[in-house]
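A short write-up of the structure that comes next.
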Amino acid sequence: MRAAVLAALLLAAMPAAGAEERRSGFADMSAATQAMQADDAANPGMLWVLDGEGRWSRKAGRTERSCADCHGEAAASMRGVAARYPAIDAERGEAVDLAGRIALCQTRHQEATPAPRESEASLALTAFVAHQSRGLPIAPPDDPRIALLQAEGAALYRMRRGQLNLSCAQCHDDNAGRRLAGSVIPQGHPTGYPLYRLEWQGLGSLQRRLRGCTTGVRAESFAPGSHDAIALEAYLMSRAAGMPVETPAVRP
Amino acid sequence: MPSRRAMLAAAPALLALSATRPASATPATMRDAIAAFLGEGGTLREGRVAIDIPPLVENGNTVPIAITVESPMTPQDHVQRIGVFTERNPLPQVIVAHLGPRAGRAAITTRMRLATSQRIIAIAAMSDGSFWSESTEVVVTLAACVEG
Amino acid sequence: MARVILQVPATAVRGSVIELRALIQHPMETGFRPGSSGEVLPRDIIRRFACAWDGEEVFSAELHPAIAANPYLAFTTIATESGTLTFTWKGDNGFAQTETRRITVTP
């Protein structure tokens, strides 16, 4: 696993063709925090992955079916899945993120009431599924509807917002790598969600991280699962395309 | 610019405000906690203990710390307890580990909280009744984007 | 039941020093932190951790609120006989959890 993380680090450190060097937030962390992520017996995010593994094979809903009853071994069936989200839900014809996809699956196939977004149950199952893609490159789907969403997300990313009148790009493109107080401003690649943040003392979603950012610039937050939130995530994932999934990452 | 009189008038209010914040340990309360750890007649010496902790901490919520003690860890000569204390957390105590010759090595690792930059001390209680220690200063950098 | 990740070697050579690592899901609420409503959240921590080899305690620790959430402990012990390692955590509000692992000791 250490080798995979090292490989991930090397990949992240390699300049993308014709683009500036892209860095995972992993590269800017202290050695101590990197070591915490790299070792599965030390990474506290693995506690949620373990929880999710239990939920994967637990029967639920009116159909009394577990995720495993349909999908089998997650190591095979879920490999690479998280790297392709947000993706289009065929039935609705619109994009969903991974947590949204899991909730839809629970509603449709288990006929269960899905756990609310960002609940421990939702985070655990999402982390378990995303973990099956660890080390694989982020690969947004080649779909014109996703391309459209990415363009919308890019516009949101560059839009100044809040009382501080700052866009995402002003920090995470223009000033990435510089310091804000004691911390390095990361490039903002969502490579490791859901991730364990020392600040949170727990596992959290990309939506929660975005909420931290929007609150920071004193702007209204994106409603989790809303069209705008998913558009922004689609753009961030396209921006991070090719970088390896790290779930569950650890960040300060 | 507030007048000096206004500032003076505001001073009791500020004091009242600070009184509602969580208590912080002080060098004195840390000394008391250490005295309790040493027990009657115990004297503290420097040496034989090593603390491995990042000197610059990104987030005080989770700080890896490893403590090792030079000891043969034999039935005749071993570490019995390792205690960690802080000067400026709400409470001075962090952990007291109990070990013995069956540990083979006197080495523990855990993760602690640091409310702010401060001095921490690790003390080893040996089977011969002696106490050895190391202390170190840790700087907690202030994160810019924390959730309120 | 809190989730636990234990690192225990499946086999060890008799007399060798092995490292044991234990990670458990627990908030370690300090008792000093205000909740969203403003009032201080009551303390809820794990107070004691212990590891026994076939019933004989080989390591224990008293934890205080300054131990980080999801407590992590790594320590060592000498491999003696094949047997069962028992890990226990006890804390506020009746928190109690026990996990066991088998270990085979070879000559």
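Residue numbering restarts at 1 in every chain; chains get A, B, ... in the order shown in the structure tokens, and ligands count up from 1 in that same order.
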Worksheet item: Excluding same-chain residues fewer than 3 positions from Ser133 (chain A), what lies within 6 Å of it counting only C-alpha atoms, as JSON, numbers by chain?
Response: {"A": [79, 80, 130, 136]}
Practice prompt. Could you please select, counting only C-alpha atoms, the residues of chain A within 12 Å of chain C and state them as a ChimeraX atom specification?
Written response: /A:36,39-54,120,124,196-203
May I have the residues from that selection written out with N, CA and C atoms, as a PDB file, in the first residue's frame?
ATOM      1  N   MET A  36       0.370   9.083   8.410  1.00  0.00           N
ATOM      2  CA  MET A  36      -0.933   8.676   8.942  1.00  0.00           C
ATOM      3  C   MET A  36      -1.833   8.177   7.805  1.00  0.00           C
ATOM      4  N   ASP A  39      -0.514   4.552   5.981  1.00  0.00           N
ATOM      5  CA  ASP A  39      -0.528   3.281   6.704  1.00  0.00           C
ATOM      6  C   ASP A  39      -1.969   2.945   7.103  1.00  0.00           C
ATOM      7  N   ASP A  40      -2.501   1.875   6.530  1.00  0.00           N
ATOM      8  CA  ASP A  40      -3.903   1.531   6.774  1.00  0.00           C
ATOM      9  C   ASP A  40      -4.210   1.241   8.238  1.00  0.00           C
ATOM     10  N   ALA A  41      -3.222   0.791   8.996  1.00  0.00           N
ATOM     11  CA  ALA A  41      -3.473   0.498  10.414  1.00  0.00           C
ATOM     12  C   ALA A  41      -3.413   1.778  11.249  1.00  0.00           C
ATOM     13  N   ALA A  42      -2.988   2.882  10.637  1.00  0.00           N
ATOM     14  CA  ALA A  42      -2.883   4.148  11.358  1.00  0.00           C
ATOM     15  C   ALA A  42      -3.874   5.184  10.830  1.00  0.00           C
ATOM     16  N   ASN A  43      -4.381   4.967   9.611  1.00  0.00           N
ATOM     17  CA  ASN A  43      -5.272   5.929   8.963  1.00  0.00           C
ATOM     18  C   ASN A  43      -6.668   5.848   9.592  1.00  0.00           C
ATOM     19  N   PRO A  44      -7.097   6.872  10.335  1.00  0.00           N
ATOM     20  CA  PRO A  44      -8.395   6.773  11.005  1.00  0.00           C
ATOM     21  C   PRO A  44      -9.563   6.696  10.026  1.00  0.00           C
ATOM     22  N   GLY A  45      -9.365   7.147   8.786  1.00  0.00           N
ATOM     23  CA  GLY A  45     -10.412   7.035   7.780  1.00  0.00           C
ATOM     24  C   GLY A  45     -10.774   5.581   7.498  1.00  0.00           C
ATOM     25  N   MET A  46      -9.819   4.675   7.738  1.00  0.00           N
ATOM     26  CA  MET A  46     -10.082   3.255   7.501  1.00  0.00           C
ATOM     27  C   MET A  46     -11.149   2.708   8.446  1.00  0.00           C
ATOM     28  N   LEU A  47     -11.386   3.386   9.580  1.00  0.00           N
ATOM     29  CA  LEU A  47     -12.459   2.958  10.494  1.00  0.00           C
ATOM     30  C   LEU A  47     -13.809   3.086   9.799  1.00  0.00           C
ATOM     31  N   TRP A  48     -13.972   4.125   8.983  1.00  0.00           N
ATOM     32  CA  TRP A  48     -15.232   4.331   8.254  1.00  0.00           C
ATOM     33  C   TRP A  48     -15.331   3.357   7.083  1.00  0.00           C
ATOM     34  N   VAL A  49     -14.182   3.097   6.451  1.00  0.00           N
ATOM     35  CA  VAL A  49     -14.165   2.117   5.357  1.00  0.00           C
ATOM     36  C   VAL A  49     -14.611   0.756   5.893  1.00  0.00           C
ATOM     37  N   LEU A  50     -14.102   0.403   7.070  1.00  0.00           N
ATOM     38  CA  LEU A  50     -14.459  -0.858   7.714  1.00  0.00           C
ATOM     39  C   LEU A  50     -15.955  -0.887   8.036  1.00  0.00           C
ATOM     40  N   ASP A  51     -16.464   0.221   8.530  1.00  0.00           N
ATOM     41  CA  ASP A  51     -17.891   0.356   8.821  1.00  0.00           C
ATOM     42  C   ASP A  51     -18.696   0.154   7.533  1.00  0.00           C
ATOM     43  N   GLY A  52     -18.246   0.799   6.455  1.00  0.00           N
ATOM     44  CA  GLY A  52     -18.931   0.685   5.166  1.00  0.00           C
ATOM     45  C   GLY A  52     -18.917  -0.737   4.635  1.00  0.00           C
ATOM     46  N   GLU A  53     -17.817  -1.446   4.879  1.00  0.00           N
ATOM     47  CA  GLU A  53     -17.702  -2.831   4.440  1.00  0.00           C
ATOM     48  C   GLU A  53     -18.791  -3.688   5.101  1.00  0.00           C
ATOM     49  N   GLY A  54     -19.037  -3.409   6.383  1.00  0.00           N
ATOM     50  CA  GLY A  54     -20.097  -4.123   7.096  1.00  0.00           C
ATOM     51  C   GLY A  54     -21.463  -3.817   6.500  1.00  0.00           C
ATOM     52  N   GLU A 120     -23.218   9.393   9.242  1.00  0.00           N
ATOM     53  CA  GLU A 120     -22.109   8.440   9.365  1.00  0.00           C
ATOM     54  C   GLU A 120     -22.332   7.240   8.438  1.00  0.00           C
ATOM     55  N   ALA A 124     -19.802   6.308   5.502  1.00  0.00           N
ATOM     56  CA  ALA A 124     -19.095   5.029   5.604  1.00  0.00           C
ATOM     57  C   ALA A 124     -19.230   4.225   4.312  1.00  0.00           C
ATOM     58  N   TYR A 196     -10.568  12.003   5.966  1.00  0.00           N
ATOM     59  CA  TYR A 196     -10.457  12.265   7.413  1.00  0.00           C
ATOM     60  C   TYR A 196      -9.685  13.560   7.588  1.00  0.00           C
ATOM     61  N   ARG A 197     -10.369  14.569   8.112  1.00  0.00           N
ATOM     62  CA  ARG A 197      -9.690  15.834   8.325  1.00  0.00           C
ATOM     63  C   ARG A 197      -9.397  15.979   9.818  1.00  0.00           C
ATOM     64  N   LEU A 198      -8.163  16.280  10.140  1.00  0.00           N
ATOM     65  CA  LEU A 198      -7.786  16.441  11.549  1.00  0.00           C
ATOM     66  C   LEU A 198      -8.640  17.547  12.171  1.00  0.00           C
ATOM     67  N   GLU A 199      -8.921  18.574  11.389  1.00  0.00           N
ATOM     68  CA  GLU A 199      -9.753  19.679  11.857  1.00  0.00           C
ATOM     69  C   GLU A 199     -11.149  19.182  12.275  1.00  0.00           C
ATOM     70  N   TRP A 200     -11.696  18.247  11.508  1.00  0.00           N
ATOM     71  CA  TRP A 200     -13.035  17.714  11.793  1.00  0.00           C
ATOM     72  C   TRP A 200     -13.002  16.637  12.861  1.00  0.00           C
ATOM     73  N   GLN A 201     -11.862  16.016  13.039  1.00  0.00           N
ATOM     74  CA  GLN A 201     -11.718  14.852  13.914  1.00  0.00           C
ATOM     75  C   GLN A 201     -12.681  13.744  13.485  1.00  0.00           C
ATOM     76  N   GLY A 202     -12.904  13.693  12.174  1.00  0.00           N
ATOM     77  CA  GLY A 202     -13.803  12.673  11.648  1.00  0.00           C
ATOM     78  C   GLY A 202     -13.758  12.681  10.131  1.00  0.00           C
ATOM     79  N   LEU A 203     -14.598  11.805   9.534  1.00  0.00           N
ATOM     80  CA  LEU A 203     -14.656  11.712   8.085  1.00  0.00           C
ATOM     81  C   LEU A 203     -15.666  12.728   7.559  1.00  0.00           C
TER      82      LEU A 203
END
Worksheet item: Using only C-alpha atoms, which residue out of B:Gly83, B:Pro27, B:Pro92, B:Gly104 lies closest to chain C?
Response: B:Gly104
Practice prompt. Measure the distance from CA of Arg158 (chain A) to CA of Leu236 (chain A) in Å and round it to one decimal.
Written response: 11.8 Å
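CA of Gly91 (chain C) sits 14.3 Å away from CA of Ala66 (chain C).
By chain and then residue number, the residues within 12 Å of Arg43 (chain C) are Pro27, Met28, Glu29, Thr30, Gly31, Phe32, Arg33, Pro34, Gly35, His64, Pro65, Ala66, Gly91, Asp92 and Asn93 of chain C, counting only C-alpha atoms and disregarding those fewer than 6 positions away in sequence.
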Within 10 Å of chain B, which residues of chain A show up when using only C-alpha atoms, listed as a compact mmCIF listing (two decimals) with N, CA and C atoms, in the first residue's frame?
# COMPACT_ATOMS: atom_id res chain seq x y z
N MET A 29 1.44 18.13 2.84
CA MET A 29 1.25 17.85 4.26
C MET A 29 2.59 17.55 4.92
N SER A 30 2.59 17.61 6.25
CA SER A 30 3.79 17.24 6.99
C SER A 30 4.04 15.74 6.84
N ALA A 31 5.26 15.34 7.09
CA ALA A 31 5.61 13.91 7.01
C ALA A 31 4.74 13.09 7.96
N ALA A 32 4.44 13.65 9.12
CA ALA A 32 3.64 12.91 10.12
C ALA A 32 2.23 12.65 9.59
N THR A 33 1.62 13.65 8.95
CA THR A 33 0.26 13.47 8.44
C THR A 33 0.27 12.56 7.21
N ALA A 35 2.32 10.08 6.78
CA ALA A 35 2.50 8.73 7.30
C ALA A 35 1.17 8.19 7.82
N MET A 36 0.37 9.08 8.41
CA MET A 36 -0.93 8.68 8.94
C MET A 36 -1.83 8.18 7.81
N ARG A 179 1.14 30.68 1.07
CA ARG A 179 0.61 30.41 2.40
C ARG A 179 -0.48 31.38 2.80
N LEU A 180 -1.49 30.84 3.48
CA LEU A 180 -2.51 31.66 4.11
C LEU A 180 -2.37 31.34 5.60
N ALA A 181 -1.96 32.33 6.38
CA ALA A 181 -1.53 32.07 7.76
C ALA A 181 -0.50 30.95 7.72
N GLY A 182 -0.68 29.89 8.52
CA GLY A 182 0.34 28.84 8.58
C GLY A 182 0.21 27.77 7.51
N SER A 183 -0.89 27.77 6.75
CA SER A 183 -1.11 26.62 5.87
C SER A 183 -0.86 26.94 4.42
N VAL A 184 -0.39 25.92 3.70
CA VAL A 184 -0.21 26.03 2.26
C VAL A 184 -1.60 26.01 1.61
N ILE A 185 -1.83 26.90 0.66
CA ILE A 185 -3.10 26.87 -0.07
C ILE A 185 -3.02 25.74 -1.09
N ARG A 197 -10.37 14.57 8.11
CA ARG A 197 -9.69 15.83 8.33
C ARG A 197 -9.40 15.98 9.82
N LEU A 198 -8.16 16.28 10.14
CA LEU A 198 -7.79 16.44 11.55
C LEU A 198 -8.64 17.55 12.17
N GLU A 199 -8.92 18.57 11.39
CA GLU A 199 -9.75 19.68 11.86
C GLU A 199 -11.15 19.18 12.27
N TRP A 200 -11.70 18.25 11.51
CA TRP A 200 -13.03 17.71 11.79
C TRP A 200 -13.00 16.64 12.86
N GLN A 201 -11.86 16.02 13.04
CA GLN A 201 -11.72 14.85 13.91
C GLN A 201 -12.68 13.74 13.48
N ARG A 208 -18.89 19.04 2.48
CA ARG A 208 -18.55 19.69 3.75
C ARG A 208 -17.34 20.59 3.58
N ARG A 209 -16.37 20.12 2.83
CA ARG A 209 -15.16 20.92 2.57
C ARG A 209 -15.54 22.21 1.82
N ARG A 211 -18.36 23.65 1.91
CA ARG A 211 -19.10 24.50 2.85
C ARG A 211 -18.11 25.31 3.70
N GLY A 212 -17.01 24.65 4.10
CA GLY A 212 -15.97 25.35 4.85
C GLY A 212 -15.42 26.52 4.05
N CYS A 213 -15.17 26.28 2.77
CA CYS A 213 -14.62 27.32 1.89
C CYS A 213 -15.62 28.45 1.69
N THR A 215 -18.16 29.28 3.54
CA THR A 215 -18.33 30.01 4.79
C THR A 215 -17.14 30.94 5.02
N GLY A 216 -15.96 30.44 4.65
CA GLY A 216 -14.73 31.22 4.81
C GLY A 216 -14.76 32.54 4.06
N VAL A 217 -15.33 32.54 2.87
CA VAL A 217 -15.42 33.79 2.10
C VAL A 217 -16.75 34.50 2.37
N ARG A 251 -6.20 14.79 5.80
CA ARG A 251 -5.77 16.17 5.57
C ARG A 251 -5.77 16.93 6.90
N PRO A 252 -4.94 17.97 7.02
CA PRO A 252 -4.93 18.73 8.29
C PRO A 252 -6.26 19.41 8.54
Worksheet item: Can you list, as a ChimeraX atom specification, every protein, DNA or RNA residue that comes within 12 Å of Glu57 (chain C) when you count only C-alpha atoms, leaving out same-chain residues fewer than 4 positions away?
Response: /B:98-103 /C:49-53,61,77,84-88
Item to complete: With a cut-off of 12 Å and counting only C-alpha atoms, select all residues of chain B in contact with chain C and give the selection as a ChimeraX atom specification.
Response: /B:20-25,59-68,73-74,79-116,120,148
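For region 45-103 of chain A, the set of residues given strand (DSSP E or B) by DSSP on the backbone reads A:Ala60, A:Arg65, A:Ala87, A:Ile88, A:Asp89, A:Glu94, A:Ala95, A:Val96.
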